[in-house]
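**Student:** If you scroll down you'll find the structure; I have some questions about it.
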There are 4 protein chains.
Amino acid sequence: MTTTAVTAEAGRTAARTRTMKAVVKAAAAPGAEIRDVPVPVAGAGEVLLRVLRAGVCGTDLHIWNWDRWSQGRIRPPVTLGHEFVGEILELGAGVSDLKSGDRVACESHIVCHTCIACRTGNSHVCENTRILGVDVNGGFAEYVTVPAVNCWRVPAGIPLEVAAVMEPCGNAVHTAFSGPLSGRSIAVTGCGPIGLFAIGVARAAGAAHVFASDVSPYRLELARAMKADAVIDVRTENLSERVAQLTNGRMLDGVLEMSGHPTAVRDGLAALRMGGRMSMLGLPTEPYELDWNRLVIFKGITLHGIIGRRMYDTWFQMDQLLGSGRLDLKPAITHVMPMERFDEAIGLLRDGRAGKVVLVPWGEKS
Amino acid sequence: MTTTAVTAEAGRTAARTRTMKAVVKAAAAPGAEIRDVPVPVAGAGEVLLRVLRAGVCGTDLHIWNWDRWSQGRIRPPVTLGHEFVGEILELGAGVSDLKSGDRVACESHIVCHTCIACRTGNSHVCENTRILGVDVNGGFAEYVTVPAVNCWRVPAGIPLEVAAVMEPCGNAVHTAFSGPLSGRSIAVTGCGPIGLFAIGVARAAGAAHVFASDVSPYRLELARAMKADAVIDVRTENLSERVAQLTNGRMLDGVLEMSGHPTAVRDGLAALRMGGRMSMLGLPTEPYELDWNRLVIFKGITLHGIIGRRMYDTWFQMDQLLGSGRLDLKPAITHVMPMERFDEAIGLLRDGRAGKVVLVPWGEKS
Amino acid sequence: MTTTAVTAEAGRTAARTRTMKAVVKAAAAPGAEIRDVPVPVAGAGEVLLRVLRAGVCGTDLHIWNWDRWSQGRIRPPVTLGHEFVGEILELGAGVSDLKSGDRVACESHIVCHTCIACRTGNSHVCENTRILGVDVNGGFAEYVTVPAVNCWRVPAGIPLEVAAVMEPCGNAVHTAFSGPLSGRSIAVTGCGPIGLFAIGVARAAGAAHVFASDVSPYRLELARAMKADAVIDVRTENLSERVAQLTNGRMLDGVLEMSGHPTAVRDGLAALRMGGRMSMLGLPTEPYELDWNRLVIFKGITLHGIIGRRMYDTWFQMDQLLGSGRLDLKPAITHVMPMERFDEAIGLLRDGRAGKVVLVPWGEKS
Amino acid sequence: MTTTAVTAEAGRTAARTRTMKAVVKAAAAPGAEIRDVPVPVAGAGEVLLRVLRAGVCGTDLHIWNWDRWSQGRIRPPVTLGHEFVGEILELGAGVSDLKSGDRVACESHIVCHTCIACRTGNSHVCENTRILGVDVNGGFAEYVTVPAVNCWRVPAGIPLEVAAVMEPCGNAVHTAFSGPLSGRSIAVTGCGPIGLFAIGVARAAGAAHVFASDVSPYRLELARAMKADAVIDVRTENLSERVAQLTNGRMLDGVLEMSGHPTAVRDGLAALRMGGRMSMLGLPTEPYELDWNRLVIFKGITLHGIIGRRMYDTWFQMDQLLGSGRLDLKPAITHVMPMERFDEAIGLLRDGRAGKVVLVPWGEKS
């Protein structure tokens with residue numbers, strides 16, 4: 001199991017007979033463990049994947065930290081990891097549209113397909129959602145099983161580390177595509193990994209101007225690498241004033257809000273033109289207030305609450321952007337490291353010393 | 001000038017030679033005065049109207065009270081009144097699409113036509129808006145001048161008191177039409193006059209269920225008269241629980257928020273289905289906080305800030321609803337009284353003892 | 001199996017041990033036969049239904065006639081019938097969201113769920129569609145199996161004969177909802193059963209005016225019964241002229257084209273306002289020409305090709321309209337008769353002496 | 001009047017006292033004349049422009065040829081030219097948002113502002129449209145008057161020859177923006193000047209793939225210069241087959257139809273994916289037939305008839321694309337020549353030896 005050149009047959013045999021290594025949230029306390037666990041078996045409608053690469057998300061940090069949200073949601077032990085790319089080894093009963101050897105990225109939301117949201121094209125807000133690596137075992141492991149319907153074939157020519165982060169990139173695509181982009185002036189507030197991806201997405205999708213704001217010089221430098229037309233350090237610069245200069249007074253058509261920070265939301269709303277839109281993916285840590293009259297109602301603003309990815313419009317849009325070469329995510333991927341060093345990856349995130357960190361499972365060639 | 005049968009010629013002569021009576025905000029203090037003022041003259045692109053009926057709005061109450069907003073905005077003396085229907089007496093230079101004798105309702109927002117908002121179909125959020133009866137002399141008078149472009153011919157067969165309130169009804173239409181209506185389950189939170197109109201609009205526009213909530217039994221009774229499918233007294237009933245019963249657990253597709261009350265907003269958001277929309281016209285008295293994660297982001301909600309009326313899509317939609325007879329506003333119009341008794345009308349509003357109050361100018365037959 | 005009061009248990013037993021009666025396209029020639037065939041068995045993801053009522057469609061007439069389309073598509077023997085309501089008797093493996101005894105109407109398109117169309121919310125144009133009663137055995141029988149995902153629970157209070165025609169009513173809903181309806185002036189060209197349903201749908205969904213045209217006095221009478229605001233006999237009346245009178249010169253916002261007749265399409269386009277839309281469900285018998293410049297391009301018209309029903313937005317919208325009582329289909333259902341008399345039903349359709357014909361299977365109480 | 005450095009004052013004086021040269025359709029016969037005509041005077045709401053550059057359109061060729069359409073529409077004498085950029089010399093009465101010296105491109109459609117289309121945001125299909133250079137004197141002259149509302153300030157940094165063709169580029173923007181672009185696979189059928197512009201627009205607006213088809217190697221070479229991802233010579237290649245190869249079987253999301261040729265329309269529809277859209281700007285020379293079932297209805301296609309430019313959303317979108325540098329039109333502008341040589345320009349168009357031809361008025365520096 002040491003190279004990507006392993007044959008599918010050998011892989012299948014190995015998967016059936018061995019245990020595997022996995023990053024497991026083992027206890028109701030901070031931290032995570034690398035453990036030997038059984039290789040999972042693909043049930044009806046599922047596939048078994050050999051994990052090729054996996055991305056680390058801020059949610060993983062929350063789970064590592066065992067914060068209040070984690071305490072209410074996670075039931076240890078669970079294998080972490082909801083961003084990954086893998087190669088299909090085995091097909092469960094009834095799976096016919098995928099085949100062994102296919103390279104797939106995975107939608108992390110396992111939905112019910114039967115609630116009204118699911119039945120009307122809104123599975124991203126299915127009330128019965130279970131999330132890979134949160135509610136069920138995920139992809140920080142040598143192998144993982146996922147519903148076949150959650151698999152998306154990776155477009156040809158996409159590097160593994162990019163394919164690994166299609167799930168969070170899909171958040172960026174969903175946010176960006178929730179309002180007009182072509183020819184618009186767009187700001188991304190908050191340049192963590194999804195914000196960085198959103199810069200690239202907005203550019204590739206035809207925004208006329210893409211600005212990025214943050215309070216971290218490190219992240220603003222990454223924003224520049226993602227080809228933001230201008231970056232705004234809101235520790236020292238006023239967002240509305242800079243936007244007014246940059247747009248010749250026209251202000252913003254849209255804000256992709258990736259920080260969850262009340263100040264970013266308020267400043268972003270202030271920097272929108274009359275009738276603009278803000279799409280909010282960033283999660284605040286607690287409720288906060290707005291001057292609704294001035295910032296929302298009198299301006300005729302539209303606010304979109306964004307979660308997950310549209311299934312599977314978002315994946316199709318992302319596939320087209322990545323597959324055509326219009327969108328390049330590599331500048332936002334600052335670290336590729338062995339999965340064995342998961343705790344170190346968590347440390348990089350905690351300290352704000354990374355963009356996106358991608359992990360290489362045991363036995364995979366990096 | 002005592003009957004509607006006055007000839008246009010006589011009206012024009014009278015308008016040129018007489019003063020007229022008007023309700024004037026005369027001083028920077030609470031109250032309003034009935035004064036004799038000069039009859040205005042139609043400038044280029046304007047028309048002179050004989051006012052036939054005028055509606056009283058909550059904004060008039062704010063101005064009467066001389067509240068903080070009024071103190072910052074109003075420059076006395078100004079003739080009040082931004083909801084009215086009139087008959088065209090004279091055409092200013094360059095006006096060719098209207099003619100003497102036309103009966104018209106008026107858009108109250110006088111916009112610049114040249115800012116980016118105006119140039120891209122968003123005049124309702126023109127930054128240079130001046131409002132009739134607020135920034136320039138309005139229609140609580142025997143005569144008023146307005147830009148010809150602000151006039152909308154009243155559909156045949158519409159009673160005068162209904163034509164008088166097309167402006168606030170347009171707020172309801174704009175709010176309702178800002179998201180899907182046909183076949184949807186809609187709640188109107190707040191049953192003041194615009195909320196009452198919104199009930200009728202949502203029904204006429206094809207909503208499958210229209211629910212209405214308020215804290216006033218008087219207003220809930222009016223909501224019933226407007227044919228709400230159910231009314232919910234939120235002093236004693238939980239909105240989400242009632243909605244769950246009424247929709248068999250499906251919850252709301254849309255909320256038309258007319259109260260500006262933080263509790264109504266929060267309860268309305270809670271009662272929305274995943275992926276629903278809230279369109280917010282009601283103005284809160286001060287900033288308030290939301291649990292954004294739970295109420296907006298995780299639910300994938302869209303919020304629309306609504307102001308004014310789309311120019312003139314909203315008027316077209318309203319014209320079609322009223323003109324076809326699908327929409328009847330009369331049950332929401334609880335009082336028709338002489339304009340002379342303006343202070344009494346203000347008192348009715350202040351005490352919550354009225355739906356919409358319509359005023360009859362001096363000399364008009366009621 | 002003679003009454004609807006049969007217990008589910010008895011039904012299941014009967015289904016397993018007996019043959020059943022069915023209307024079968026038995027040979028590559030005109031006609032159809034009533035035959036004894038085995039009761040089908042629900043496979044994985046399927047349910048077995050006892051058929052309660054079934055609708056006869058123009059497509060069934062084409063198949064009966066063995067026209068060119070049928071010759072190219074149908075592979076006898078196949079049980080006919082793609083419009084029906086049934087009661088669930090048995091659940092195949094993996095079905096969990098339905099239960100024995102549920103009353104369901106059925107989407108007739110069995111789709112692949114994996115093509116790009118299916119993956120992006122456009123299953124109604126899945127290239128791998130198989131149709132019940134056309135490509136696989138349908139519902140003109142005592143029992144039928146369908147994929148569980150194709151079942152839609154019938155709203156409470158809906159009569160069986162109405163539930164039986166939700167499939168074709170869904171065509172009408174899809175057509176009507178493919179453009180703006182609320183407050184619009186809409187014409188339905190062609191008053192066969194789907195056209196008749198469309199009249200009701202457009203009214204219930206909030207159209208301001210609904211006009212209907214046809215060449216058959218019988219069908220125009222049914223259009224009146226469905227509460228068209230005006231009916232237009234295009235043998236003797238000019239569509240555009242009548243529409244101009246009826247709309248005070250505004251013309252139509254939308255045409256729901258149900259006839260497939262070139263003249264209806266051309267006249268409908270001519271009667272549209274500038275910028276209007278035509279949604280085309282009717283199938284022409286052969287290619288035809290348009291004066292594109294005059295009728296489409298210079299007018300800025302949008303044309304929608306419509307097929308099937310959006311899965312399952314259309315069903316949700318229809319459910320809301322029917323369940324709320326806003327939409328009543330009964331006036332369009334002119335005949336309810338035993339399934340045994342299928343040939344007679346075909347005759348009624350052939351002769352234009354029926355609106356919608358609903359069949360009662362053997363043993364069901366009518 | 002010989003250089004662009006002429007002062008505004010001198011220009012104004014000259015305009016008042018001199019005649020000017022203009023390209024005039026002088027008689028109801030083929031050809032056009034260069035004549036001395038009076039310099040026009042800006043009426044109320046108008047501005048007087050010194051013309052800096054003007055584009056030649058296929059419509060000008062039709063008028064030169066005095067074809068059937070021209071015979072029915074043109075009333076000689078009229079100064080030709082509906083694509084131009086100018087500098088404002090004088091403001092008519094009531095014009096306040098523009099100023100002397102502003103450089104502006106012009107919307108060529110002079111609309112009524114009062115019909116239902118105009119009142120509801122659809123001025124591009126105003127029934128009372130008069131077109132510059134067709135119905136009223138246009139810009140193939142030293143000076144021209146236009147309504148102030150028709151002026152759009154040219155973004156900074158745009159070359160004069162590009163500013164001159166914003167009007168036809170607006171056709172391309174309108175066509176492209178009438179459906180989804182971001183991340184889509186788009187084909188432009190017909191690579192005349194507007195088709196060439198559309199290639200650039202679709203790329204700048206975020207299309208993932210932009211293909212172009214034509215029968216002229218010369219125009220296909222220009223399509224390459226506009227950075228089409230692939231060009232398809234439909235004399236020798238099958239559009240659907242090439243598209244299938246290029247998209248890995250996914251086919252097209254959208255076709256921008258610029259040729260008006262029936263074969264291009266049919267092939268374009270065949271190359272669309274299920275549920276795709278075709279936006280039709282090209283004008284056929286006569287009615288033609290379609291196999292509606294196969295090409296439109298069964299595929300769930302949307303067809304948009306496109307004319308003119310949305311006022312002024314299209315101009316805003318174009319301004320953003322040009323002003324940001326995302327869109328470069330220069331490769332499509334193959335000739336810049338003196339207006340004096342208008343007949344030669346017409347010859348280039350007639351012979352298919354040009355992309356866009358731009359004219360330099362008398363006295364302007366080229």
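Just remember, in the structure tokens the first chain shown is A, the second B, etc., residues are 1-based per chain, and ligands are 1-based in the order shown.
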Excluding region 263-265 of chain B and its own-chain neighbours fewer than 2 positions away, which residues fall within 9 Å of it when counting only C-alpha atoms? Please give them as a PyMOL selection string.
**Tutor:** chain B and resi 189-190+213-214+234+239+255+257-261+267-270+278+280+290
**Student:** Only residues of chain A matter here; which ones have an atom within 6 Å of chain B, counting only C-alpha atoms? Give them as number ranges by chain.
**Tutor:** A: 125, 274, 287-291, 296-298, 300-307
**Student:** Can you list, as a PyMOL selection string, all residues belonging to region 28-228 of chain A that DSSP tags as strand (DSSP E or B)?
**Tutor:** chain A and resi 33-38+46-56+78-79+83-91+103-106+109-110+130-132+136+141+143-147+151-153+185-189+209-214
**Student:** Fewer than 6 positions away in the same chain doesn't count, so skip those; otherwise give me all residues within 10 Å of His209 (chain B), counting only C-alpha atoms, as a VMD selection string.
**Tutor:** (chain B and resid 181 to 187 199 202 to 203 228 to 230 246 to 247 252 to 253) or (chain C and resid 320 to 321 323 to 326)
**Student:** Give me, please, the distance in Å between CA of Asp102 (chain A) and CA of Arg130 (chain A), quoted to one decimal.
**Tutor:** 24.2 Å
**Student:** Looking only at alpha helix (DSSP H) from DSSP on the backbone, list the matching residues of region 52-270 of chain C as a ChimeraX atom specification.
**Tutor:** /C:58-65,68-73,116-119,160-163,166-176,193-204,217-225,239-246,262-270
**Student:** Closest to Val215 (chain C) among C:Leu256, C:Leu359, C:Ile346, C:Cys191, using only C-alpha atoms?
**Tutor:**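 Of the candidates, the smallest distance to Val215 (chain C) is held by C:Cys191.
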**Student:** Tell me, in Å to one decimal, how far CA of Ala207 (chain B) is from CA of Gly254 (chain B).
**Tutor:**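 Calculated distance between CA of Ala207 (chain B) and CA of Gly254 (chain B) is 9.9 Å.
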**Student:** Take CA of Val104 (chain D) and CA of Glu87 (chain D) and report the distance between them in Å, one decimal.
**Tutor:**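 Separating CA of Val104 (chain D) from CA of Glu87 (chain D) is a distance of 6.2 Å.
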**Student:** So which residues touch Ala332 (chain B) within 10 Å, counting only C-alpha atoms, skipping near sequence neighbours fewer than 2 positions away, as a ChimeraX atom specification?
**Tutor:** /B:162,191-197,200,219,222-223,225-226,328-330,334-335,354-357
**Student:** Please produce a file of those selected residues containing N, CA, C and O atoms, as an mmCIF file, in the first residue's frame.
**Tutor:**
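selection-v8.cif, written as the output of this step:
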```
data_model
loop_
_atom_site.group_PDB
_atom_site.id
_atom_site.type_symbol
_atom_site.label_atom_id
_atom_site.label_comp_id
_atom_site.auth_asym_id
_atom_site.auth_seq_id
_atom_site.Cartn_x
_atom_site.Cartn_y
_atom_site.Cartn_z
ATOM 1 N N VAL B 162 -59.370 53.426 -2.470
ATOM 2 C CA VAL B 162 -58.365 52.391 -2.774
ATOM 3 C C VAL B 162 -57.241 53.004 -3.611
ATOM 4 O O VAL B 162 -56.055 52.792 -3.341
ATOM 5 N N CYS B 191 -49.670 43.429 11.360
ATOM 6 C CA CYS B 191 -50.893 43.694 10.593
ATOM 7 C C CYS B 191 -51.313 45.150 10.653
ATOM 8 O O CYS B 191 -52.507 45.463 10.781
ATOM 9 N N GLY B 192 -50.352 46.065 10.572
ATOM 10 C CA GLY B 192 -50.688 47.440 10.266
ATOM 11 C C GLY B 192 -51.194 47.508 8.832
ATOM 12 O O GLY B 192 -51.321 46.473 8.163
ATOM 13 N N PRO B 193 -51.475 48.704 8.338
ATOM 14 C CA PRO B 193 -52.076 48.797 6.990
ATOM 15 C C PRO B 193 -51.277 48.077 5.906
ATOM 16 O O PRO B 193 -51.858 47.360 5.089
ATOM 17 N N ILE B 194 -49.953 48.207 5.884
ATOM 18 C CA ILE B 194 -49.197 47.550 4.814
ATOM 19 C C ILE B 194 -49.228 46.034 5.003
ATOM 20 O O ILE B 194 -49.336 45.280 4.037
ATOM 21 N N GLY B 195 -49.169 45.576 6.240
ATOM 22 C CA GLY B 195 -49.317 44.151 6.490
ATOM 23 C C GLY B 195 -50.675 43.652 6.009
ATOM 24 O O GLY B 195 -50.789 42.584 5.394
ATOM 25 N N LEU B 196 -51.729 44.418 6.297
ATOM 26 C CA LEU B 196 -53.067 44.016 5.842
ATOM 27 C C LEU B 196 -53.122 43.952 4.322
ATOM 28 O O LEU B 196 -53.673 43.003 3.745
ATOM 29 N N PHE B 197 -52.550 44.962 3.678
ATOM 30 C CA PHE B 197 -52.511 44.928 2.209
ATOM 31 C C PHE B 197 -51.744 43.688 1.739
ATOM 32 O O PHE B 197 -52.127 43.029 0.777
ATOM 33 N N GLY B 200 -53.743 40.553 1.446
ATOM 34 C CA GLY B 200 -54.541 40.524 0.214
ATOM 35 C C GLY B 200 -53.687 40.277 -1.013
ATOM 36 O O GLY B 200 -54.071 39.534 -1.922
ATOM 37 N N ARG B 219 -56.261 44.456 15.086
ATOM 38 C CA ARG B 219 -55.601 44.258 13.789
ATOM 39 C C ARG B 219 -55.781 42.827 13.280
ATOM 40 O O ARG B 219 -55.900 42.596 12.072
ATOM 41 N N LEU B 222 -58.934 42.636 11.495
ATOM 42 C CA LEU B 222 -58.802 43.177 10.136
ATOM 43 C C LEU B 222 -58.100 42.164 9.228
ATOM 44 O O LEU B 222 -58.429 42.031 8.047
ATOM 45 N N ALA B 223 -57.124 41.456 9.772
ATOM 46 C CA ALA B 223 -56.424 40.426 8.987
ATOM 47 C C ALA B 223 -57.412 39.362 8.525
ATOM 48 O O ALA B 223 -57.351 38.883 7.384
ATOM 49 N N ALA B 225 -60.534 39.880 8.009
ATOM 50 C CA ALA B 225 -61.355 40.521 6.973
ATOM 51 C C ALA B 225 -60.622 40.548 5.630
ATOM 52 O O ALA B 225 -61.255 40.535 4.571
ATOM 53 N N MET B 226 -59.298 40.585 5.675
ATOM 54 C CA MET B 226 -58.504 40.538 4.435
ATOM 55 C C MET B 226 -58.331 39.098 3.947
ATOM 56 O O MET B 226 -57.609 38.840 3.000
ATOM 57 N N ASP B 328 -58.638 43.102 -3.306
ATOM 58 C CA ASP B 328 -59.554 44.110 -2.759
ATOM 59 C C ASP B 328 -58.954 44.651 -1.463
ATOM 60 O O ASP B 328 -58.704 43.900 -0.530
ATOM 61 N N LEU B 329 -58.725 45.959 -1.419
ATOM 62 C CA LEU B 329 -58.095 46.557 -0.247
ATOM 63 C C LEU B 329 -59.104 47.151 0.730
ATOM 64 O O LEU B 329 -58.729 47.563 1.843
ATOM 65 N N LYS B 330 -60.359 47.183 0.355
ATOM 66 C CA LYS B 330 -61.322 47.953 1.162
ATOM 67 C C LYS B 330 -61.413 47.506 2.623
ATOM 68 O O LYS B 330 -61.521 48.363 3.499
ATOM 69 N N THR B 334 -60.287 51.522 7.184
ATOM 70 C CA THR B 334 -61.310 51.564 8.237
ATOM 71 C C THR B 334 -61.951 52.938 8.381
ATOM 72 O O THR B 334 -63.033 53.044 8.945
ATOM 73 N N HIS B 335 -61.281 53.979 7.914
ATOM 74 C CA HIS B 335 -61.819 55.320 8.107
ATOM 75 C C HIS B 335 -61.612 56.157 6.849
ATOM 76 O O HIS B 335 -60.516 56.147 6.274
ATOM 77 N N ALA B 354 -57.177 52.141 14.222
ATOM 78 C CA ALA B 354 -57.484 52.245 12.794
ATOM 79 C C ALA B 354 -56.638 51.274 11.994
ATOM 80 O O ALA B 354 -55.552 50.871 12.411
ATOM 81 N N GLY B 355 -57.199 50.866 10.835
ATOM 82 C CA GLY B 355 -56.381 50.252 9.798
ATOM 83 C C GLY B 355 -55.819 51.409 9.003
ATOM 84 O O GLY B 355 -55.066 52.221 9.517
ATOM 85 N N LYS B 356 -56.181 51.483 7.739
ATOM 86 C CA LYS B 356 -55.760 52.630 6.938
ATOM 87 C C LYS B 356 -56.814 53.735 7.038
ATOM 88 O O LYS B 356 -58.019 53.470 6.955
ATOM 89 N N VAL B 357 -56.357 54.971 7.244
ATOM 90 C CA VAL B 357 -57.233 56.144 7.275
ATOM 91 C C VAL B 357 -57.038 56.930 5.985
ATOM 92 O O VAL B 357 -55.896 57.230 5.607
#
```
**Student:** Pick out the residues sitting within 8 Å of Glu107 (chain D), and hand them over as a PyMOL selection string; count only C-alpha atoms, and ignore anything fewer than 2 positions along from it in its own chain.
**Tutor:** chain D and resi 105+109-110+150-152+167+309
**Student:** Fewer than 5 positions away in the same chain doesn't count, so skip those; otherwise give me all residues within 12 Å of His62 (chain B), counting only C-alpha atoms, as a ChimeraX atom specification.
**Tutor:** /B:25,29-32,56-57,67-74,80,134,285,346-347,349-350
**Student:** Residues within 12 Å of Pro361 (chain C), please, as number ranges by chain. Count only C-alpha atoms; anything in the same chain fewer than 4 positions from it doesn't count.
**Tutor:** C: 1-4, 20-23, 34, 50-55, 81, 84-86, 139-144, 161, 164, 336-342, 365-366
